[in-house]
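Undergrad: Below you will find the structure I want to go over with you.
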Amino acid sequence: MDELGVRAAALVARCPGDARLRRVGTSREGTPMLLLSVGHGSRQVLVVAGPHANEPVGGATALRLAERALADPRLTEGADATWNLLLCLDPDGSRRNEAWLQGPYTLGHYFRHFFRPGFREQPEWLPDGPDDAALPETRVLLGLQDELRPFLQCSLHGVDVGGAFVELTRDLPGLSRRVAHSAARLGIPRELGPYDTLYWPALGPAVYRVPPPARTGDLAAAITEAAVDSTWFHPQPHGTVTAIVEAPMWGVGAVEDPARPADPDAVLRSLSRTLRHDTQVLEDILVRVRPGLGSSRDAACLLAPVDDYLLVGPGLADSWDPDVRGAGTRALPELDTARLTALRLAGRRVALRTAGLLHQLITASGQDPYGALPELDRLIDLWCADYRDGCGARWIPVARQAEYQARVVLAAFELAGRRTGARPRSGDSGWTARATVPMHRE
């Protein structure tokens, strides 16, 4: 977290006439929230890094975009544009993830130090609507959206295990082709049926439209539909198109496999059975250890997402199980290998995040009278091995993650600019002339 501010300040010191850094607010724990702006155009771009605490790559992407905008006047003067880069939306949560950020970049190390707050503590969401936004970080973002009235907003997200994809509040024709080109060049799999977009219309391979809300009462649908109660849609009255750019930390090739399995229902039954079993095991551990966890603020921060995941797990399993799904439940889309892999990754993710958070809770309490830590270590190792050996998950170097996100943002900038009558240029012609990622530094 501190490094982001230091690097942004150094950039401003190097280019004081073209770049500015200002404090736009303060987090719940008193951390400054910084906005880096490049250019002096009348048309505003807003890039939001760190919307989820465990997704740090957006900060590196934001700095990379600032460097590009400073180096290429076609992105600023030539497009009458100003780039506004919020360096981190959830700095307090991001700081809690610093234990794994220095490496080693293994799945076990990541999940044992994973942190993401409970749903109501995630600043990108608006569970009570914009007028009653409770979190100061949320109010900062809403204020920036209303101040800047951007023609483009990009929210930089990271998938821990899976593939790359983009979600849009309005179609940007041609973006899917740009995503495919950038992902292929950087060796990043595209997720062709992500769990997040299970019920959303596709605008092209790995690009999805965030739909208007439709309250069905179905748990799996409701989770994805909750996205519309978010800061993604708040600036839409200003003419803003929002692009949510997802880049994977560990890539899985099967998330772009269109083959149809011989018996998808059998796969669904297996996934549902596994998720129910894993959730029950973790719930039993929590019941045993909860009395000894204490009532500190740190314990409460870790328990909130544990309770969320344990609540969601069985409902997800029921929503996937062909033997349980009711007549009034929304039908699943056609299930190819890509979508079934995404569901497998999602179920495993719920269990691993819960186990990692419980591991931290017990470690922080300083006592383990029920011997839960060895059991959690065994489960984390087993489930990470399933990701690594069963799903083929492989680490994608940070430079590639950030470069992929930067290219997608620049493509969205060009395409959104066309809609509003401007002629921004992303510098595509230079992308194939030479390697843009310093591979020897990865």
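Each chain in the structure tokens gets a letter, A, B, ..., in the order shown, and its residues are numbered from 1; ligands are numbered from 1 in order too.
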Taking 5 positions as the minimum chain separation for residues in the same chain, which residues sit within 8 Å of Val408 of chain A when counting only C-alpha atoms? Answer as a PyMOL selection string.
TA: chain A and resi 175+178-179+182+245
Undergrad: Using backbone DSSP assignments, extract all alpha helix (DSSP H) residues from segment 253-428 of chain A; output them as a PyMOL selection string.
TA: chain A and resi 264-289+297-320+337-365+372-385+398-419
Undergrad: Would you mind reading off the distance between atom CA of Pro261 of chain A and atom CA of Arg273 of chain A, one decimal, in Å?
TA: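 That distance, rounded to one decimal, is 18.5 Å.
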Undergrad: Neighbours of segment 340-351 of chain A within 7 Å (only C-alpha atoms; same-chain residues fewer than 6 positions away dropped), as a ChimeraX atom specification?
TA: /A:193-195,254-255,271,275,278-279,309,313
Undergrad: Write out, as a PDB file, in the first residue's frame, the residues just selected, with C-alpha atoms.
TA:
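Below you can see result.pdb, which holds the result:
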ATOM      1  CA  GLY A 193     -18.302 -19.044 -18.710  1.00  0.00           C
ATOM      2  CA  PRO A 194     -17.353 -17.368 -15.420  1.00  0.00           C
ATOM      3  CA  TYR A 195     -19.443 -18.068 -12.373  1.00  0.00           C
ATOM      4  CA  ALA A 254     -10.031 -25.423 -19.106  1.00  0.00           C
ATOM      5  CA  VAL A 255     -12.035 -22.217 -18.481  1.00  0.00           C
ATOM      6  CA  LEU A 271     -19.595 -30.536  -7.527  1.00  0.00           C
ATOM      7  CA  LEU A 275     -19.283 -28.257  -1.769  1.00  0.00           C
ATOM      8  CA  ASP A 278     -16.559 -29.178   2.519  1.00  0.00           C
ATOM      9  CA  THR A 279     -18.891 -26.543   3.951  1.00  0.00           C
ATOM     10  CA  TYR A 309     -19.146 -18.121   2.927  1.00  0.00           C
ATOM     11  CA  GLY A 313     -22.004 -22.632   0.249  1.00  0.00           C
TER      12      GLY A 313
END
Undergrad: Counting only C-alpha atoms, figure out which residue out of A:Asp171, A:Glu121, A:Glu246, A:Asp132 gets nearest to Val57 of chain A.
TA: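 Nearest to Val57 of chain A: A:Glu246.
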Undergrad: Within 12 Å of Tyr208 of chain A, counting only C-alpha atoms, which residues show up once you throw out same-chain ones fewer than 3 positions away? Write them as a ChimeraX atom specification, please.
TA: /A:164-173,175-176,179,191-205,211,242-246
Undergrad: Output N, CA and C atoms of each residue in that selection to a file, as a compact mmCIF listing (two decimals), in the first residue's frame.
TA:
# COMPACT_ATOMS: atom_id res chain seq x y z
N ALA A 164 -9.37 -14.68 -17.60
CA ALA A 164 -9.64 -13.27 -17.80
C ALA A 164 -11.01 -13.08 -18.45
N PHE A 165 -11.72 -12.04 -18.02
CA PHE A 165 -12.96 -11.67 -18.67
C PHE A 165 -13.29 -10.22 -18.32
N VAL A 166 -14.27 -9.67 -19.02
CA VAL A 166 -14.67 -8.27 -18.84
C VAL A 166 -16.18 -8.21 -18.72
N GLU A 167 -16.66 -7.36 -17.82
CA GLU A 167 -18.09 -7.10 -17.68
C GLU A 167 -18.34 -5.64 -18.02
N LEU A 168 -19.41 -5.37 -18.76
CA LEU A 168 -19.73 -4.02 -19.23
C LEU A 168 -21.15 -3.64 -18.85
N THR A 169 -21.34 -2.38 -18.50
CA THR A 169 -22.70 -1.89 -18.29
C THR A 169 -23.34 -1.45 -19.60
N ARG A 170 -22.55 -1.33 -20.66
CA ARG A 170 -23.06 -1.02 -21.99
C ARG A 170 -22.10 -1.60 -23.01
N ASP A 171 -22.61 -2.09 -24.11
CA ASP A 171 -21.76 -2.77 -25.08
C ASP A 171 -20.72 -1.81 -25.69
N LEU A 172 -19.52 -2.34 -25.87
CA LEU A 172 -18.47 -1.66 -26.61
C LEU A 172 -18.05 -2.59 -27.75
N PRO A 173 -18.74 -2.50 -28.89
CA PRO A 173 -18.45 -3.43 -29.98
C PRO A 173 -16.97 -3.43 -30.36
N LEU A 175 -14.67 -4.95 -28.42
CA LEU A 175 -13.82 -5.19 -27.24
C LEU A 175 -13.45 -6.67 -27.12
N SER A 176 -14.37 -7.56 -27.45
CA SER A 176 -14.07 -8.99 -27.30
C SER A 176 -12.86 -9.38 -28.15
N VAL A 179 -9.77 -8.19 -26.37
CA VAL A 179 -9.48 -9.05 -25.21
C VAL A 179 -8.80 -10.33 -25.67
N GLU A 191 -11.84 -16.61 -19.64
CA GLU A 191 -12.89 -17.39 -18.98
C GLU A 191 -14.18 -17.24 -19.79
N LEU A 192 -14.59 -18.32 -20.44
CA LEU A 192 -15.71 -18.26 -21.37
C LEU A 192 -17.05 -18.61 -20.72
N GLY A 193 -17.04 -18.81 -19.42
CA GLY A 193 -18.30 -19.04 -18.71
C GLY A 193 -18.13 -18.79 -17.24
N PRO A 194 -17.66 -17.60 -16.84
CA PRO A 194 -17.35 -17.37 -15.42
C PRO A 194 -18.58 -17.47 -14.54
N TYR A 195 -18.34 -17.94 -13.32
CA TYR A 195 -19.44 -18.07 -12.37
C TYR A 195 -20.11 -16.72 -12.13
N ASP A 196 -19.32 -15.65 -12.07
CA ASP A 196 -19.89 -14.32 -11.80
C ASP A 196 -20.96 -13.94 -12.81
N THR A 197 -20.85 -14.43 -14.02
CA THR A 197 -21.75 -14.01 -15.10
C THR A 197 -22.66 -15.16 -15.54
N LEU A 198 -22.95 -16.06 -14.63
CA LEU A 198 -23.66 -17.28 -14.97
C LEU A 198 -24.96 -17.01 -15.73
N TYR A 199 -25.66 -15.95 -15.36
CA TYR A 199 -26.95 -15.64 -15.98
C TYR A 199 -26.91 -14.37 -16.82
N TRP A 200 -25.74 -13.89 -17.15
CA TRP A 200 -25.63 -12.63 -17.87
C TRP A 200 -25.45 -12.88 -19.36
N PRO A 201 -25.97 -12.00 -20.21
CA PRO A 201 -25.77 -12.17 -21.66
C PRO A 201 -24.33 -11.91 -22.06
N ALA A 202 -23.86 -12.71 -23.02
CA ALA A 202 -22.50 -12.53 -23.56
C ALA A 202 -22.54 -11.53 -24.70
N LEU A 203 -21.59 -10.61 -24.71
CA LEU A 203 -21.43 -9.65 -25.80
C LEU A 203 -20.37 -10.12 -26.78
N GLY A 204 -19.78 -11.25 -26.49
CA GLY A 204 -18.70 -11.84 -27.26
C GLY A 204 -17.93 -12.74 -26.32
N PRO A 205 -17.03 -13.57 -26.82
CA PRO A 205 -16.26 -14.44 -25.93
C PRO A 205 -15.53 -13.65 -24.84
N PRO A 211 -26.64 -7.09 -16.40
CA PRO A 211 -28.05 -6.82 -16.71
C PRO A 211 -28.73 -5.97 -15.65
N THR A 242 -19.20 1.56 -17.73
CA THR A 242 -18.27 0.95 -16.79
C THR A 242 -17.79 -0.39 -17.33
N ALA A 243 -16.47 -0.59 -17.28
CA ALA A 243 -15.86 -1.86 -17.65
C ALA A 243 -15.20 -2.45 -16.42
N ILE A 244 -15.59 -3.66 -16.06
CA ILE A 244 -14.97 -4.38 -14.95
C ILE A 244 -13.99 -5.37 -15.56
N VAL A 245 -12.71 -5.14 -15.31
CA VAL A 245 -11.65 -5.88 -15.99
C VAL A 245 -11.06 -6.89 -15.02
N GLU A 246 -11.28 -8.16 -15.30
CA GLU A 246 -10.83 -9.25 -14.43
C GLU A 246 -9.59 -9.91 -15.02
Undergrad: Each residue of segment 107-189 of chain A with at least one atom at most 12 Å from segment 286-300 of chain A should appear once, together with its nearest atom pair and the corresponding distance in Å (one decimal); atoms considered: only C-alpha atoms; ordering: chain, then increasing residue number; output as CSV.
TA:
residue,atom,partner,partner_atom,distance
A:Phe115,CA,A:Asp298,CA,11.3
A:Pro117,CA,A:Ala300,CA,9.9
A:Gly118,CA,A:Ala300,CA,9.9
A:Glu121,CA,A:Ala300,CA,11.7
Undergrad: Taking N, CA, C and O atoms for each residue, export the selection above as a PDB file, in the first residue's frame.
TA:
ATOM      1  N   PHE A 115      -7.406 -12.272   2.742  1.00  0.00           N
ATOM      2  CA  PHE A 115      -8.441 -11.510   3.458  1.00  0.00           C
ATOM      3  C   PHE A 115      -9.325 -10.783   2.461  1.00  0.00           C
ATOM      4  O   PHE A 115      -8.842 -10.189   1.492  1.00  0.00           O
ATOM      5  N   PRO A 117     -13.176  -8.631   3.155  1.00  0.00           N
ATOM      6  CA  PRO A 117     -14.204  -8.385   4.181  1.00  0.00           C
ATOM      7  C   PRO A 117     -15.540  -8.997   3.797  1.00  0.00           C
ATOM      8  O   PRO A 117     -15.765  -9.413   2.652  1.00  0.00           O
ATOM      9  N   GLY A 118     -16.439  -9.035   4.765  1.00  0.00           N
ATOM     10  CA  GLY A 118     -17.792  -9.479   4.492  1.00  0.00           C
ATOM     11  C   GLY A 118     -18.462  -8.600   3.450  1.00  0.00           C
ATOM     12  O   GLY A 118     -18.026  -7.474   3.172  1.00  0.00           O
ATOM     13  N   GLU A 121     -19.130  -4.949   3.897  1.00  0.00           N
ATOM     14  CA  GLU A 121     -17.952  -4.126   4.142  1.00  0.00           C
ATOM     15  C   GLU A 121     -17.099  -3.949   2.890  1.00  0.00           C
ATOM     16  O   GLU A 121     -15.972  -3.463   2.977  1.00  0.00           O
TER      17      GLU A 121
END
Undergrad: Which neighbours of Ser230 of chain A fall inside 10 Å, counting only C-alpha atoms, when residues of the same chain fewer than 2 positions from it are skipped, and could you give them as a VMD selection string?
TA: chain A and resid 123 to 130 138 226 to 228 232 to 234
Undergrad: Given the selection you just returned, output its residues as a file containing all heavy atoms, formatted as a compact mmCIF listing (two decimals), in the first residue's frame.
TA:
# COMPACT_ATOMS: atom_id res chain seq x y z
N PRO A 123 -16.44 -1.89 -0.34
CA PRO A 123 -16.86 -0.53 -0.67
C PRO A 123 -17.42 -0.33 -2.07
O PRO A 123 -18.01 0.72 -2.35
CB PRO A 123 -15.59 0.30 -0.49
CG PRO A 123 -14.46 -0.67 -0.55
CD PRO A 123 -15.00 -1.96 -0.04
N GLU A 124 -17.29 -1.29 -2.96
CA GLU A 124 -17.83 -1.10 -4.30
C GLU A 124 -19.34 -1.33 -4.35
O GLU A 124 -20.02 -0.87 -5.27
CB GLU A 124 -17.13 -2.04 -5.28
CG GLU A 124 -17.16 -1.54 -6.71
CD GLU A 124 -16.29 -2.35 -7.63
OE1 GLU A 124 -16.18 -3.58 -7.43
OE2 GLU A 124 -15.72 -1.78 -8.57
N TRP A 125 -19.88 -2.04 -3.35
CA TRP A 125 -21.31 -2.36 -3.35
C TRP A 125 -22.13 -1.28 -2.68
O TRP A 125 -21.65 -0.53 -1.84
CB TRP A 125 -21.56 -3.70 -2.66
CG TRP A 125 -20.78 -4.84 -3.20
CD1 TRP A 125 -20.04 -5.72 -2.48
CD2 TRP A 125 -20.65 -5.24 -4.57
NE1 TRP A 125 -19.45 -6.65 -3.32
CE2 TRP A 125 -19.82 -6.38 -4.60
CE3 TRP A 125 -21.17 -4.75 -5.77
CZ2 TRP A 125 -19.50 -7.02 -5.79
CZ3 TRP A 125 -20.84 -5.39 -6.96
CH2 TRP A 125 -20.03 -6.52 -6.95
N LEU A 126 -23.42 -1.26 -3.02
CA LEU A 126 -24.35 -0.30 -2.43
C LEU A 126 -25.57 -1.06 -1.91
O LEU A 126 -26.69 -0.92 -2.43
CB LEU A 126 -24.80 0.72 -3.49
CG LEU A 126 -23.72 1.64 -4.06
CD1 LEU A 126 -24.28 2.47 -5.21
CD2 LEU A 126 -23.16 2.55 -2.98
N PRO A 127 -25.42 -1.85 -0.86
CA PRO A 127 -26.54 -2.66 -0.38
C PRO A 127 -27.71 -1.83 0.11
O PRO A 127 -28.86 -2.31 0.10
CB PRO A 127 -25.92 -3.48 0.77
CG PRO A 127 -24.71 -2.72 1.18
CD PRO A 127 -24.20 -2.06 -0.06
N ASP A 128 -27.46 -0.59 0.53
CA ASP A 128 -28.54 0.28 1.02
C ASP A 128 -28.79 1.45 0.08
O ASP A 128 -29.50 2.40 0.44
CB ASP A 128 -28.20 0.81 2.42
CG ASP A 128 -27.97 -0.32 3.41
OD1 ASP A 128 -28.83 -1.23 3.46
OD2 ASP A 128 -26.95 -0.31 4.11
N GLY A 129 -28.21 1.39 -1.12
CA GLY A 129 -28.40 2.48 -2.07
C GLY A 129 -27.38 3.60 -1.87
O GLY A 129 -26.78 3.73 -0.78
N PRO A 130 -27.18 4.45 -2.87
CA PRO A 130 -26.15 5.49 -2.78
C PRO A 130 -26.41 6.54 -1.71
O PRO A 130 -25.48 7.09 -1.13
CB PRO A 130 -26.14 6.12 -4.19
CG PRO A 130 -27.47 5.76 -4.76
CD PRO A 130 -27.84 4.44 -4.18
N THR A 138 -16.76 4.07 0.13
CA THR A 138 -17.83 4.11 -0.86
C THR A 138 -18.22 5.55 -1.17
O THR A 138 -18.41 5.92 -2.34
CB THR A 138 -19.06 3.35 -0.35
OG1 THR A 138 -18.67 2.02 0.03
CG2 THR A 138 -20.13 3.27 -1.42
N ALA A 226 -26.62 -9.03 -7.48
CA ALA A 226 -26.26 -8.00 -6.51
C ALA A 226 -25.30 -6.99 -7.10
O ALA A 226 -25.16 -5.87 -6.60
CB ALA A 226 -25.64 -8.64 -5.27
N ALA A 227 -24.63 -7.36 -8.19
CA ALA A 227 -23.68 -6.45 -8.81
C ALA A 227 -24.34 -5.16 -9.29
O ALA A 227 -23.70 -4.11 -9.35
CB ALA A 227 -22.99 -7.13 -9.99
N VAL A 228 -25.63 -5.23 -9.62
CA VAL A 228 -26.26 -4.00 -10.11
C VAL A 228 -26.47 -2.99 -8.99
O VAL A 228 -26.64 -1.80 -9.24
CB VAL A 228 -27.59 -4.31 -10.83
CG1 VAL A 228 -27.36 -5.26 -11.99
CG2 VAL A 228 -28.62 -4.86 -9.87
N TRP A 232 -20.83 0.45 -9.94
CA TRP A 232 -20.67 0.29 -11.39
C TRP A 232 -21.76 1.04 -12.14
O TRP A 232 -21.51 1.61 -13.20
CB TRP A 232 -20.76 -1.19 -11.79
CG TRP A 232 -19.73 -2.08 -11.17
CD1 TRP A 232 -18.60 -1.70 -10.50
CD2 TRP A 232 -19.75 -3.50 -11.14
NE1 TRP A 232 -17.91 -2.79 -10.08
CE2 TRP A 232 -18.58 -3.92 -10.45
CE3 TRP A 232 -20.62 -4.46 -11.63
CZ2 TRP A 232 -18.29 -5.27 -10.25
CZ3 TRP A 232 -20.32 -5.80 -11.43
CH2 TRP A 232 -19.17 -6.20 -10.74
N PHE A 233 -22.98 1.05 -11.60
CA PHE A 233 -24.10 1.66 -12.28
C PHE A 233 -24.38 3.09 -11.82
O PHE A 233 -25.10 3.82 -12.50
CB PHE A 233 -25.37 0.82 -12.09
CG PHE A 233 -25.53 -0.25 -13.13
CD1 PHE A 233 -25.00 -1.52 -12.93
CD2 PHE A 233 -26.21 0.00 -14.31
CE1 PHE A 233 -25.14 -2.50 -13.88
CE2 PHE A 233 -26.35 -0.98 -15.27
CZ PHE A 233 -25.82 -2.24 -15.06
N HIS A 234 -23.84 3.49 -10.68
CA HIS A 234 -24.17 4.81 -10.15
C HIS A 234 -23.92 5.95 -11.15
O HIS A 234 -24.76 6.86 -11.26
CB HIS A 234 -23.41 5.07 -8.85
CG HIS A 234 -23.66 6.42 -8.28
ND1 HIS A 234 -24.84 6.77 -7.67
CD2 HIS A 234 -22.87 7.54 -8.25
CE1 HIS A 234 -24.78 8.04 -7.29
NE2 HIS A 234 -23.61 8.52 -7.62
Undergrad: Would you kindly return, as a count of residues only, each protein, DNA or RNA residue with an atom no farther than 9 Å from any atom of Pro248 of chain A, considering only C-alpha atoms and excluding same-chain residues fewer than 4 positions away?
TA: 15
Undergrad: I'd like the neighbourhood of Tyr110 of chain A as JSON, numbers by chain, where a residue qualifies if any of its atoms comes within 12 Å (using only C-alpha atoms), though same-chain residues fewer than 3 positions away should be ignored.
TA: {"A": [54, 55, 96, 97, 98, 99, 100, 101, 102, 103, 104, 105, 106, 107, 113, 114, 115, 160, 161, 249, 250, 349, 352, 353, 355, 356, 357, 360, 380, 381, 384, 395]}
Undergrad: With N, CA and C atoms kept, could you save the residues just selected as a CSV table (one decimal), in the first residue's frame?
TA:
chain,number,residue,atom,x,y,z
A,54,ASN,N,-8.3,-8.5,-1.8
A,54,ASN,CA,-7.4,-9.5,-2.2
A,54,ASN,C,-7.0,-9.5,-3.6
A,55,GLU,N,-7.3,-8.3,-4.3
A,55,GLU,CA,-7.0,-8.2,-5.7
A,55,GLU,C,-6.1,-7.0,-6.0
A,96,ARG,N,-4.2,-5.8,4.8
A,96,ARG,CA,-4.3,-7.1,5.5
A,96,ARG,C,-3.8,-8.3,4.6
A,97,ASN,N,-3.7,-8.0,3.3
A,97,ASN,CA,-3.2,-9.0,2.4
A,97,ASN,C,-1.7,-9.0,2.1
A,98,GLU,N,-1.1,-8.0,2.8
A,98,GLU,CA,0.4,-7.8,2.5
A,98,GLU,C,1.2,-9.0,2.9
A,99,ALA,N,0.7,-9.9,3.8
A,99,ALA,CA,1.4,-11.0,4.2
A,99,ALA,C,1.8,-12.0,3.1
A,100,TRP,N,0.9,-12.0,2.1
A,100,TRP,CA,1.3,-12.9,1.0
A,100,TRP,C,1.8,-12.2,-0.3
A,101,LEU,N,1.8,-10.9,-0.3
A,101,LEU,CA,2.1,-10.1,-1.4
A,101,LEU,C,3.6,-10.2,-1.8
A,102,GLN,N,4.5,-10.4,-0.8
A,102,GLN,CA,5.9,-10.5,-1.0
A,102,GLN,C,6.3,-11.9,-1.4
A,103,GLY,N,5.3,-12.8,-1.5
A,103,GLY,CA,5.7,-14.2,-2.0
A,103,GLY,C,6.0,-15.1,-0.8
A,104,PRO,N,6.2,-16.4,-1.0
A,104,PRO,CA,6.2,-17.0,-2.3
A,104,PRO,C,4.8,-17.1,-2.9
A,105,TYR,N,4.7,-17.0,-4.2
A,105,TYR,CA,3.4,-17.0,-4.9
A,105,TYR,C,2.9,-18.4,-5.1
A,106,THR,N,2.5,-19.1,-4.0
A,106,THR,CA,2.0,-20.4,-4.0
A,106,THR,C,0.5,-20.3,-3.5
A,107,LEU,N,-0.3,-21.2,-4.0
A,107,LEU,CA,-1.7,-21.2,-3.6
A,107,LEU,C,-1.9,-21.3,-2.1
A,113,HIS,N,-3.2,-16.6,4.0
A,113,HIS,CA,-3.1,-15.1,4.3
A,113,HIS,C,-4.1,-14.3,3.6
A,114,PHE,N,-5.1,-15.0,3.0
A,114,PHE,CA,-6.1,-14.3,2.3
A,114,PHE,C,-7.0,-13.5,3.2
A,115,PHE,N,-7.4,-12.3,2.7
A,115,PHE,CA,-8.4,-11.5,3.5
A,115,PHE,C,-9.3,-10.8,2.5
A,160,ASP,N,-8.7,-14.9,-8.4
A,160,ASP,CA,-7.5,-15.7,-7.8
A,160,ASP,C,-7.2,-16.9,-8.7
A,161,VAL,N,-8.2,-17.7,-9.1
A,161,VAL,CA,-7.9,-18.9,-9.9
A,161,VAL,C,-8.9,-18.9,-11.0
A,249,MET,N,-4.8,-14.4,-11.3
A,249,MET,CA,-3.5,-14.6,-10.7
A,249,MET,C,-3.0,-16.0,-11.0
A,250,TRP,N,-3.8,-17.0,-10.9
A,250,TRP,CA,-3.5,-18.4,-11.4
A,250,TRP,C,-4.4,-18.7,-12.5
A,349,ARG,N,-13.2,-22.4,-4.3
A,349,ARG,CA,-12.8,-21.1,-3.8
A,349,ARG,C,-13.5,-20.8,-2.4
A,352,LEU,N,-11.8,-22.9,0.3
A,352,LEU,CA,-10.4,-22.5,0.6
A,352,LEU,C,-10.4,-21.1,1.3
A,353,ARG,N,-11.2,-20.2,0.8
A,353,ARG,CA,-11.2,-18.9,1.5
A,353,ARG,C,-11.7,-19.0,3.0
A,355,ALA,N,-11.4,-21.7,4.9
A,355,ALA,CA,-10.4,-22.4,5.6
A,355,ALA,C,-9.2,-21.5,6.0
A,356,GLY,N,-8.9,-20.7,5.0
A,356,GLY,CA,-7.8,-19.7,5.2
A,356,GLY,C,-8.1,-18.7,6.3
A,357,LEU,N,-9.3,-18.2,6.3
A,357,LEU,CA,-9.7,-17.2,7.3
A,357,LEU,C,-9.8,-17.9,8.7
A,360,GLN,N,-6.3,-18.2,10.1
A,360,GLN,CA,-5.8,-16.9,10.6
A,360,GLN,C,-6.5,-16.6,12.0
A,380,ILE,N,-6.3,-27.3,3.5
A,380,ILE,CA,-5.8,-26.3,2.6
A,380,ILE,C,-4.9,-26.9,1.6
A,381,ASP,N,-4.0,-27.8,2.1
A,381,ASP,CA,-3.0,-28.4,1.2
A,381,ASP,C,-3.7,-29.3,0.2
A,384,CYS,N,-5.7,-27.0,-2.4
A,384,CYS,CA,-4.8,-26.3,-3.3
A,384,CYS,C,-4.2,-27.3,-4.3
A,395,TRP,N,0.6,-20.1,-11.9
A,395,TRP,CA,0.8,-18.7,-11.6
A,395,TRP,C,1.1,-17.8,-12.8
Undergrad: Tell me which of A:Leu282, A:Val47, A:Ala19, A:Ile362 sits closest to Thr61 of chain A, counting only C-alpha atoms.
TA: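 Checking each candidate against Thr61 of chain A, we get A:Val47 as the closest.
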Undergrad: DSSP on the backbone, then: every residue of segment 225-417 of chain A marked strand (DSSP E), written as a PyMOL selection string.
TA: chain A and resi 241-251+394-395
Undergrad: Check the smallest atom-to-atom distance from each of A:Thr26, A:Thr363, A:Gln44, A:Thr329 to Ala79 of chain A using only C-alpha atoms, then report the winner.
TA: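 Closest residue, counting only C-alpha atoms: A:Gln44.
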Undergrad: Could you check the closest approach to Pro150 of chain A for each of A:Cys391, A:Leu85, A:Leu361, A:Leu316 and tell me which residue wins, using only C-alpha atoms?
TA: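 Checking each of A:Cys391, A:Leu85, A:Leu361, A:Leu316 against Pro150 of chain A, counting only C-alpha atoms, the winner is A:Leu85.
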